[in-house]
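Visitor: Please find one structure pasted underneath; my questions will follow.
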2 protein chains.
Amino acid sequence: MIYFVTSNKGKFAEAREVFEDLVQKNIGYPELQANTLEEVVAFGLVDVTARLKVPVIIEDAGLFIEGLNGFPGVYSAYVQKTLGNPGILKLMEGVEDRRAYFASIVGYAEPGMEPVAFRGEVWGTIGFEARGAMGFGYDPIFYLGDKSMAQVETEEKNKMSHRGRSMRALKEWLDNRQLRRN
Amino acid sequence: MIYFVTSNKGKFAEAREVFEDLVQKNIGYPELQANTLEEVVAFGLVDVTARLKVPVIIEDAGLFIEGLNGFPGVYSAYVQKTLGNPGILKLMEGVEDRRAYFASIVGYAEPGMEPVAFRGEVWGTIGFEARGAMGFGYDPIFYLGDKSMAQVETEEKNKMSHRGRSMRALKEWLDNRQLRRN
């Protein structure tokens with residue numbers, strides 16, 4: 001059994017598709033104002049592992065827009081709350097380079113080992129309007145071809161999403177470790 | 001003598017106008033992704049006072065725009081770096097409520113006492129263009145009447161600025177404490 005420390009039900013639902021024995025633990029941790037998601041996760045794990053002496057996962061994700069110098073990046077959650085998708089679409093008016101990627105970093109730790117972290121990315125473009133009602137956050141304005149991420153079922157989304165990828169990378173690492181031990 | 005832990009020369013110059021015996025110390029500290037500047041400062045002070053056993057100041061500031069739900073707020077430095085003033089002006093297109101305030105929180109600690117914190121604010125409006133070359137950051141788009149904050153000399157700016165106010169509030173507190181002790 002692994003604890004996933006998060007307050008976000010959408011994230012938990014996605015991670016649960018990869019790890020069946022996952023338990024949501026909403027106990028919070030200090031999130032750093034850092035330049036990279038990796039730093040945020042590493043700092044958070046120090047806090048979480050000091051309190052929970054069991055296998056734990058934490059995850060941080062962000063949307064990085066090329067034409068906006070990586071904005072909203074590490075602060076994607078705050079920007080979603082204040083400006084939302086209409087704010088992003090406004091900022092993108094007249095911006096030619098609409099390429100963007102979602103990144104997810106999942107950190108894993110258990111007592112007596114060095115924490116590990118895995119990255120997942122998915123590249124797409126920022127659309128000209130919000131579409132779709134599935135997913136959450138920036139999904140409606142993030143396009144893969146002619147479909148937004150919010151027009152894709154969770155199961156399908158998981159196959160290609162940043163979070164699906166980082167979670168599966170961790171899963172693979174854990175499975176391989178198990179094999180090495182046997 | 002007081003150490004001001006900051007990497008920002010502009011901030012240091014402004015604080016130096018209030019505290020003559022101030023020394024800039026560029027040693028960094030973890031900045032939290034928090035909802036308020038007060039939380040950022042309190043968390044940072046814990047780290048700084050663990051390393052420096054002398055009187056220390058840290059300060060965090062932000063621009064809070066009413067019509068943008070408080071954006072960029074606690075993340076003002078990051079937003080200045082990525083979107084800059086042109087990004088803010090773009091977001092403000094068509095927004096009626098252009099009221100905004102700068103807030104500064106200064107935290108002070110010395111060995112053997114509970115840390116204290118003081119707030120300074122200055123209210124103005126977001127202009128329709130950037131003006132002036134003094135100051136730094138958002139000063140050119142933050143207007144007090146028909147002048148931007150970047151069209152005002154440092155000494156004059158200090159009299160009314162958020163940082164001048166928080167620093168003077170701390171100065172007053174320190175002076176009064178000195179009086180009480182004598």
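Labeling convention for the structure tokens: chains A, B, ... as they appear, residues from 1 per chain, ligands from 1 in order of appearance.
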At a cut-off of 8 Å, using only C-alpha atoms, what residues contact Arg131 (chain B)? Leave out same-chain residues fewer than 6 positions from it and give the result as an mmCIF file with N, CA and C atoms, in the first residue's frame.

Guide:
```
data_model
loop_
_atom_site.group_PDB
_atom_site.id
_atom_site.type_symbol
_atom_site.label_atom_id
_atom_site.label_comp_id
_atom_site.auth_asym_id
_atom_site.auth_seq_id
_atom_site.Cartn_x
_atom_site.Cartn_y
_atom_site.Cartn_z
ATOM 1 N N PRO B 140 6.796 50.836 -13.447
ATOM 2 C CA PRO B 140 6.376 51.638 -14.603
ATOM 3 C C PRO B 140 4.886 51.530 -14.964
ATOM 4 N N ILE B 141 4.192 50.486 -14.494
ATOM 5 C CA ILE B 141 2.765 50.371 -14.849
ATOM 6 C C ILE B 141 1.847 50.644 -13.654
ATOM 7 N N SER B 148 3.550 57.406 -12.830
ATOM 8 C CA SER B 148 3.846 56.021 -12.466
ATOM 9 C C SER B 148 4.897 56.028 -11.358
ATOM 10 N N ALA B 150 7.572 54.635 -11.379
ATOM 11 C CA ALA B 150 8.924 54.687 -11.960
ATOM 12 C C ALA B 150 9.282 56.106 -12.402
ATOM 13 N N GLN B 151 8.373 57.040 -12.167
ATOM 14 C CA GLN B 151 8.654 58.446 -12.482
ATOM 15 C C GLN B 151 8.933 59.240 -11.208
#
```

Visitor: Distance cut-off 7 Å, counting only C-alpha atoms - which residues of chain A neighbour chain B? Return them as a PyMOL selection string.

Guide: chain A and resi 30-33+68-69+71+82-83+87+90-91

Visitor: May I have the selected residues written with C-alpha atoms, as a PDB file, in the first residue's frame?

Guide:
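part31.pdb, written as the output of this step:
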```
ATOM      1  CA  PRO A  30       5.111  23.005   2.089  1.00  0.00           C
ATOM      2  CA  GLU A  31       5.358  23.803  -1.627  1.00  0.00           C
ATOM      3  CA  LEU A  32       8.435  25.779  -2.581  1.00  0.00           C
ATOM      4  CA  GLN A  33       8.589  28.723  -4.988  1.00  0.00           C
ATOM      5  CA  LEU A  68       5.165  32.744 -22.714  1.00  0.00           C
ATOM      6  CA  ASN A  69       8.660  31.848 -21.467  1.00  0.00           C
ATOM      7  CA  PHE A  71       4.516  30.557 -17.901  1.00  0.00           C
ATOM      8  CA  THR A  82      -6.673  33.605 -10.488  1.00  0.00           C
ATOM      9  CA  LEU A  83      -6.580  34.039 -14.278  1.00  0.00           C
ATOM     10  CA  GLY A  87      -6.516  34.614 -18.906  1.00  0.00           C
ATOM     11  CA  LYS A  90      -5.900  36.367 -23.623  1.00  0.00           C
ATOM     12  CA  LEU A  91      -2.142  36.206 -23.059  1.00  0.00           C
TER      13      LEU A  91
END
```

Visitor: Find, counting only C-alpha atoms, the residue in A:Val46, A:Gln80, A:Glu14, A:Leu144 that gets nearest to Glu110 (chain A).

Guide: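 Checking each of A:Val46, A:Gln80, A:Glu14, A:Leu144 against Glu110 (chain A), counting only C-alpha atoms, the winner is A:Val46.
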
Visitor: Can you pull out the residues contacting region 106-109 of chain A? Cut-off 12 Å, using only C-alpha atoms, and skip same-chain residues under 3 positions away; I want them as a VMD selection string.

Guide: chain A and resid 2 to 6 11 15 37 to 50 52 to 61 103 112 to 121 162 to 171 173 to 174

Visitor: With N, CA and C atoms retained, write the just-selected residues as a compact mmCIF listing (two decimals), in the first residue's frame.

Guide:
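The result, written out as again_28.txt:
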```
# COMPACT_ATOMS: atom_id res chain seq x y z
N ILE A 2 0.48 2.22 -0.86
CA ILE A 2 1.23 3.47 -0.96
C ILE A 2 0.29 4.64 -0.67
N TYR A 3 0.76 5.59 0.13
CA TYR A 3 -0.01 6.81 0.36
C TYR A 3 0.33 7.84 -0.71
N PHE A 4 -0.69 8.45 -1.30
CA PHE A 4 -0.48 9.55 -2.24
C PHE A 4 -0.93 10.83 -1.53
N VAL A 5 0.03 11.67 -1.18
CA VAL A 5 -0.29 12.89 -0.43
C VAL A 5 -0.71 13.98 -1.43
N THR A 6 -2.01 14.22 -1.48
CA THR A 6 -2.55 15.23 -2.38
C THR A 6 -3.95 15.63 -1.92
N LYS A 11 -6.22 14.28 -9.66
CA LYS A 11 -4.90 13.66 -9.68
C LYS A 11 -4.95 12.26 -9.11
N ALA A 15 -3.93 8.68 -10.85
CA ALA A 15 -2.85 7.85 -10.31
C ALA A 15 -3.37 6.46 -9.94
N LEU A 37 9.85 21.81 -11.11
CA LEU A 37 8.96 20.91 -10.39
C LEU A 37 9.75 19.94 -9.54
N GLU A 38 10.94 19.55 -10.02
CA GLU A 38 11.79 18.60 -9.28
C GLU A 38 12.13 19.16 -7.89
N GLU A 39 12.46 20.44 -7.83
CA GLU A 39 12.79 21.05 -6.53
C GLU A 39 11.58 21.06 -5.59
N VAL A 40 10.41 21.36 -6.16
CA VAL A 40 9.18 21.38 -5.36
C VAL A 40 8.93 20.01 -4.74
N VAL A 41 9.09 18.96 -5.56
CA VAL A 41 8.83 17.60 -5.10
C VAL A 41 9.88 17.15 -4.08
N ALA A 42 11.14 17.44 -4.34
CA ALA A 42 12.21 17.03 -3.42
C ALA A 42 12.01 17.67 -2.04
N PHE A 43 11.68 18.97 -2.05
CA PHE A 43 11.48 19.69 -0.80
C PHE A 43 10.25 19.15 -0.05
N GLY A 44 9.20 18.88 -0.79
CA GLY A 44 7.97 18.36 -0.18
C GLY A 44 8.18 16.98 0.43
N LEU A 45 8.96 16.16 -0.25
CA LEU A 45 9.19 14.78 0.25
C LEU A 45 9.91 14.79 1.59
N VAL A 46 10.82 15.73 1.77
CA VAL A 46 11.54 15.82 3.05
C VAL A 46 10.54 16.01 4.18
N ASP A 47 9.57 16.89 3.94
CA ASP A 47 8.56 17.15 4.96
C ASP A 47 7.65 15.95 5.18
N VAL A 48 7.17 15.37 4.10
CA VAL A 48 6.21 14.27 4.20
C VAL A 48 6.82 13.04 4.85
N THR A 49 8.07 12.70 4.46
CA THR A 49 8.69 11.50 5.01
C THR A 49 9.06 11.67 6.49
N ALA A 50 9.14 12.92 6.93
CA ALA A 50 9.41 13.15 8.36
C ALA A 50 8.17 12.82 9.19
N LEU A 52 5.35 10.72 7.81
CA LEU A 52 4.75 9.43 7.48
C LEU A 52 5.85 8.38 7.29
N LYS A 53 5.85 7.36 8.08
CA LYS A 53 6.91 6.34 7.99
C LYS A 53 6.40 5.15 7.19
N VAL A 54 5.92 5.45 6.00
CA VAL A 54 5.37 4.43 5.09
C VAL A 54 5.74 4.83 3.67
N PRO A 55 5.50 3.96 2.68
CA PRO A 55 5.75 4.36 1.29
C PRO A 55 4.82 5.51 0.89
N VAL A 56 5.40 6.58 0.35
CA VAL A 56 4.60 7.75 -0.03
C VAL A 56 4.95 8.25 -1.43
N ILE A 57 3.93 8.80 -2.06
CA ILE A 57 4.06 9.46 -3.36
C ILE A 57 3.63 10.91 -3.19
N ILE A 58 4.38 11.84 -3.78
CA ILE A 58 3.81 13.16 -4.01
C ILE A 58 4.07 13.51 -5.47
N GLU A 59 3.25 14.40 -5.99
CA GLU A 59 3.37 14.71 -7.41
C GLU A 59 3.15 16.20 -7.62
N ASP A 60 3.90 16.79 -8.52
CA ASP A 60 3.66 18.18 -8.88
C ASP A 60 3.68 18.27 -10.40
N ALA A 61 2.82 19.12 -10.92
CA ALA A 61 2.69 19.20 -12.37
C ALA A 61 2.52 20.64 -12.78
N ALA A 103 4.06 18.91 -17.77
CA ALA A 103 5.06 18.06 -17.14
C ALA A 103 4.55 17.61 -15.77
N GLY A 112 14.10 4.22 4.89
CA GLY A 112 15.37 3.52 4.66
C GLY A 112 15.89 3.54 3.25
N MET A 113 15.32 4.40 2.40
CA MET A 113 15.87 4.52 1.05
C MET A 113 15.93 5.98 0.62
N GLU A 114 16.81 6.26 -0.35
CA GLU A 114 16.86 7.59 -0.95
C GLU A 114 15.62 7.79 -1.81
N PRO A 115 14.98 8.94 -1.72
CA PRO A 115 13.81 9.19 -2.57
C PRO A 115 14.18 9.13 -4.06
N VAL A 116 13.23 8.74 -4.89
CA VAL A 116 13.43 8.74 -6.34
C VAL A 116 12.35 9.60 -6.98
N ALA A 117 12.62 10.09 -8.20
CA ALA A 117 11.63 10.92 -8.88
C ALA A 117 11.60 10.58 -10.36
N PHE A 118 10.43 10.66 -10.96
CA PHE A 118 10.25 10.34 -12.37
C PHE A 118 9.45 11.44 -13.05
N ARG A 119 9.83 11.73 -14.31
CA ARG A 119 9.20 12.81 -15.06
C ARG A 119 8.36 12.24 -16.20
N GLY A 120 7.21 12.86 -16.41
CA GLY A 120 6.40 12.54 -17.58
C GLY A 120 6.03 13.83 -18.28
N GLU A 121 6.02 13.81 -19.61
CA GLU A 121 5.67 15.02 -20.36
C GLU A 121 4.70 14.67 -21.47
N HIS A 162 0.96 13.39 -19.17
CA HIS A 162 2.18 13.57 -18.39
C HIS A 162 2.12 12.77 -17.09
N ARG A 163 0.94 12.84 -16.43
CA ARG A 163 0.84 12.17 -15.14
C ARG A 163 0.81 10.66 -15.31
N GLY A 164 0.12 10.20 -16.33
CA GLY A 164 0.13 8.76 -16.63
C GLY A 164 1.56 8.29 -16.85
N ARG A 165 2.33 9.09 -17.58
CA ARG A 165 3.71 8.69 -17.90
C ARG A 165 4.63 8.67 -16.69
N SER A 166 4.54 9.70 -15.84
CA SER A 166 5.43 9.72 -14.67
C SER A 166 5.04 8.59 -13.71
N MET A 167 3.73 8.36 -13.57
CA MET A 167 3.27 7.30 -12.66
C MET A 167 3.70 5.93 -13.18
N ARG A 168 3.57 5.72 -14.50
CA ARG A 168 3.97 4.41 -15.04
C ARG A 168 5.49 4.21 -14.94
N ALA A 169 6.24 5.30 -15.06
CA ALA A 169 7.70 5.18 -14.91
C ALA A 169 8.05 4.73 -13.50
N LEU A 170 7.35 5.27 -12.52
CA LEU A 170 7.57 4.86 -11.13
C LEU A 170 7.14 3.40 -10.95
N LYS A 171 5.97 3.07 -11.50
CA LYS A 171 5.46 1.70 -11.38
C LYS A 171 6.47 0.70 -11.94
N TRP A 173 9.67 1.10 -12.29
CA TRP A 173 10.85 1.05 -11.41
C TRP A 173 10.60 0.16 -10.20
N LEU A 174 9.40 0.29 -9.62
CA LEU A 174 9.05 -0.53 -8.44
C LEU A 174 8.95 -2.01 -8.83
```

Visitor: Write down as an MDAnalysis selection string the residues belonging to chain B that are assigned alpha helix (DSSP H) by DSSP computed on the backbone.

Guide: chainID B and resid 9:16 37:51 76:82 84:91 154:160 162:181

Visitor: Ranking B:Gln24, B:Phe128, B:Leu63, B:Glu156 by minimum distance to Phe12 (chain B) and counting only C-alpha atoms, which one comes first?

Guide: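 Looking at the shortest contact to Phe12 (chain B), the residue is B:Gln24.
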
Visitor: If I take CA of Arg177 (chain A) and CA of Asp21 (chain A), how far is one from the other in Å, to one decimal?

Guide: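 One can read the CA of Arg177 (chain A) to CA of Asp21 (chain A) distance as 17.2 Å.
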
Visitor: Based on DSSP run over this structure's backbone, return all residues of region 7-170 of chain B in strand (DSSP E), as a PyMOL selection string.

Guide: chain B and resi 22-25+56-65+72-73+99-109+116-126+142-144+147-148

Visitor: Quick one: distance from CA of Ser76 (chain B) to CA of Gly62 (chain B) in Å, one decimal?

Guide: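 Computing it gives 5.3 Å between the two atoms.
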
Visitor: Please report the interatomic distance between CA of Phe142 (chain A) and CA of Glu17 (chain A) in Å with one decimal.

Guide: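 Between CA of Phe142 (chain A) and CA of Glu17 (chain A) the gap is 21.6 Å.
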